[in-house]
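Here's the structure we're looking at; comments come further down.
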Amino acid sequence: LTIMLGFIFLQKWLSFQLLWWLSFKLPYTMDGAMACYVFINTDNKDRIQRIMKEIYRVLKPHSPFIILDTNPDSTGIDFSTFRNGLPGKEYTYGESRQECLHIDNQEDLILNDFHWPKSMYEELLKEVGFQEIEQIEPTLRDIPEKELKVIEQKHAFNQWRSEWDFPPFVIYRSIKPTQE
């Protein structure tokens, strides 16, 4: 319980710190932004929207904003490095769920995150003002065979599970328009 409460506090603190850091940036000063696993660790849709608004504010016109999160449509599927949520369970909008990170020669590391459907990302990006929104859901089949072999050799890993058929991640690419 202590660890879980500490993690919840850490999530809220990190979200606050991101908003605080962005608040000191002048408008139109950033060439691009990327949010990796930020929104699955944010328990409140309004807070997600505030973060997106701050990112939008500090981006220069025609700058990209990229989001990478675990794919909500792959919840419960066991991948080589993690499983997000319980198999067979249908999660509701913003519902808390456990993520099991598979670590070699150790017990799984259990984290808590939140289930946000893909529609929420697109809805908020549009509301904030981003355009040219592109959703990408890559699998291992999207990586050319030669490139995949290089990756496997470099990292001494080829124990893939469901990554061949199910996209573990969803990526959103959007652009702040030139004219507002």
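A note on labels: chains of the structure tokens are A, B, ... as shown, every chain counts residues from 1, and ligands are counted from 1 in their shown order.
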Give me, as a PDB file with N, CA and C atoms, in the first residue's frame, all polymer residues having an atom no more than 7 Å from segment 38-42 of chain A, counting only C-alpha atoms and skipping those fewer than 4 positions away in the same chain.
```
ATOM      1  N   GLN A  11       3.195  10.183  -9.618  1.00  0.00           N
ATOM      2  CA  GLN A  11       2.511  10.491 -10.873  1.00  0.00           C
ATOM      3  C   GLN A  11       1.961  11.915 -10.855  1.00  0.00           C
ATOM      4  N   ILE A  48      -4.708  16.024 -18.633  1.00  0.00           N
ATOM      5  CA  ILE A  48      -4.113  15.686 -19.931  1.00  0.00           C
ATOM      6  C   ILE A  48      -4.325  16.845 -20.896  1.00  0.00           C
ATOM      7  N   ASP A  69       2.210   6.095 -26.349  1.00  0.00           N
ATOM      8  CA  ASP A  69       1.633   5.440 -25.171  1.00  0.00           C
ATOM      9  C   ASP A  69       1.376   3.977 -25.506  1.00  0.00           C
ATOM     10  N   ASP A 113      -1.323   2.390 -14.070  1.00  0.00           N
ATOM     11  CA  ASP A 113      -1.571   3.463 -15.018  1.00  0.00           C
ATOM     12  C   ASP A 113      -3.064   3.539 -15.299  1.00  0.00           C
ATOM     13  N   PHE A 114      -3.442   4.237 -16.359  1.00  0.00           N
ATOM     14  CA  PHE A 114      -4.852   4.500 -16.625  1.00  0.00           C
ATOM     15  C   PHE A 114      -5.186   4.183 -18.070  1.00  0.00           C
ATOM     16  N   HIS A 115      -6.407   3.715 -18.265  1.00  0.00           N
ATOM     17  CA  HIS A 115      -6.874   3.305 -19.591  1.00  0.00           C
ATOM     18  C   HIS A 115      -7.563   4.480 -20.277  1.00  0.00           C
ATOM     19  N   TRP A 116      -6.941   4.969 -21.339  1.00  0.00           N
ATOM     20  CA  TRP A 116      -7.540   6.026 -22.146  1.00  0.00           C
ATOM     21  C   TRP A 116      -7.733   5.495 -23.550  1.00  0.00           C
TER      22      TRP A 116
END
```
Exercise for review: Run DSSP on the backbone of this structure and report the residues of segment 6-117 of chain A it assigns to strand (DSSP E), as a ChimeraX atom specification.
Suggested key: /A:33-36,64-70,82-84,96-101,109-114
Review point. Interatomic distance between atom CA of Asp78 of chain A and atom CA of Ala156 of chain A?
Key: 20.2 Å
Residues within 8 Å of segment 101-110 of chain A, please, as a PDB file with C-alpha atoms, in the first residue's frame. Count only C-alpha atoms; anything in the same chain fewer than 2 positions from it doesn't count.
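Output saved as result_6.pdb:
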```
ATOM      1  CA  SER A  80       7.890  -9.594 -24.556  1.00  0.00           C
ATOM      2  CA  THR A  81       8.551  -6.723 -22.149  1.00  0.00           C
ATOM      3  CA  PHE A  82       5.163  -5.973 -20.588  1.00  0.00           C
ATOM      4  CA  ARG A  83       1.467  -6.692 -20.243  1.00  0.00           C
ATOM      5  CA  GLN A  98      -1.893  -2.550 -13.632  1.00  0.00           C
ATOM      6  CA  GLU A  99       1.029  -2.805 -15.969  1.00  0.00           C
ATOM      7  CA  ASN A 112      -0.358   1.422 -12.085  1.00  0.00           C
TER       8      ASN A 112
END
```
Exercise for review: Between A:Glu134, A:Glu90, A:Asp142, A:Asp31, single out the one closest to His62 of chain A, counting only C-alpha atoms.
Suggested key: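 Using only C-alpha atoms, His62 of chain A sits closest to A:Asp31.
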Exercise for review: Write out as an NGL selection string which residues come within 8 Å of Met52 of chain A when counting only C-alpha atoms, dropping same-chain ones fewer than 5 positions away.
Suggested key: :A and (124-125 or 128)
Restrict the selected residues to C-alpha atoms and save them as a PDB file, in the first residue's frame.
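Saved file selection.pdb follows:
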```pdb
ATOM      1  CA  LEU A 124      -8.144  16.363 -27.152  1.00  0.00           C
ATOM      2  CA  LEU A 125      -5.540  17.007 -29.852  1.00  0.00           C
ATOM      3  CA  VAL A 128      -6.452  22.014 -28.334  1.00  0.00           C
TER       4      VAL A 128
END
```
Review point. Pick from A:Val170, A:Val58, A:Cys100, A:Leu148: nearest to Thr70 of chain A, with only C-alpha atoms counted?
Key: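 With only C-alpha atoms as the atom set, the closest residue is A:Val170.
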Study note, to complete from the structure: Using only C-alpha atoms, the residue out of A:Gly76, A:Gly85, A:Gly129, A:Pro138 with shortest distance to Arg57 of chain A is A:Gly129
Exercise for review: May I ask for the distance between atom CA of Ala33 of chain A and atom CA of Ser119 of chain A, given in Å to one decimal place?
Suggested key: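 These two atoms are separated by 20.6 Å.
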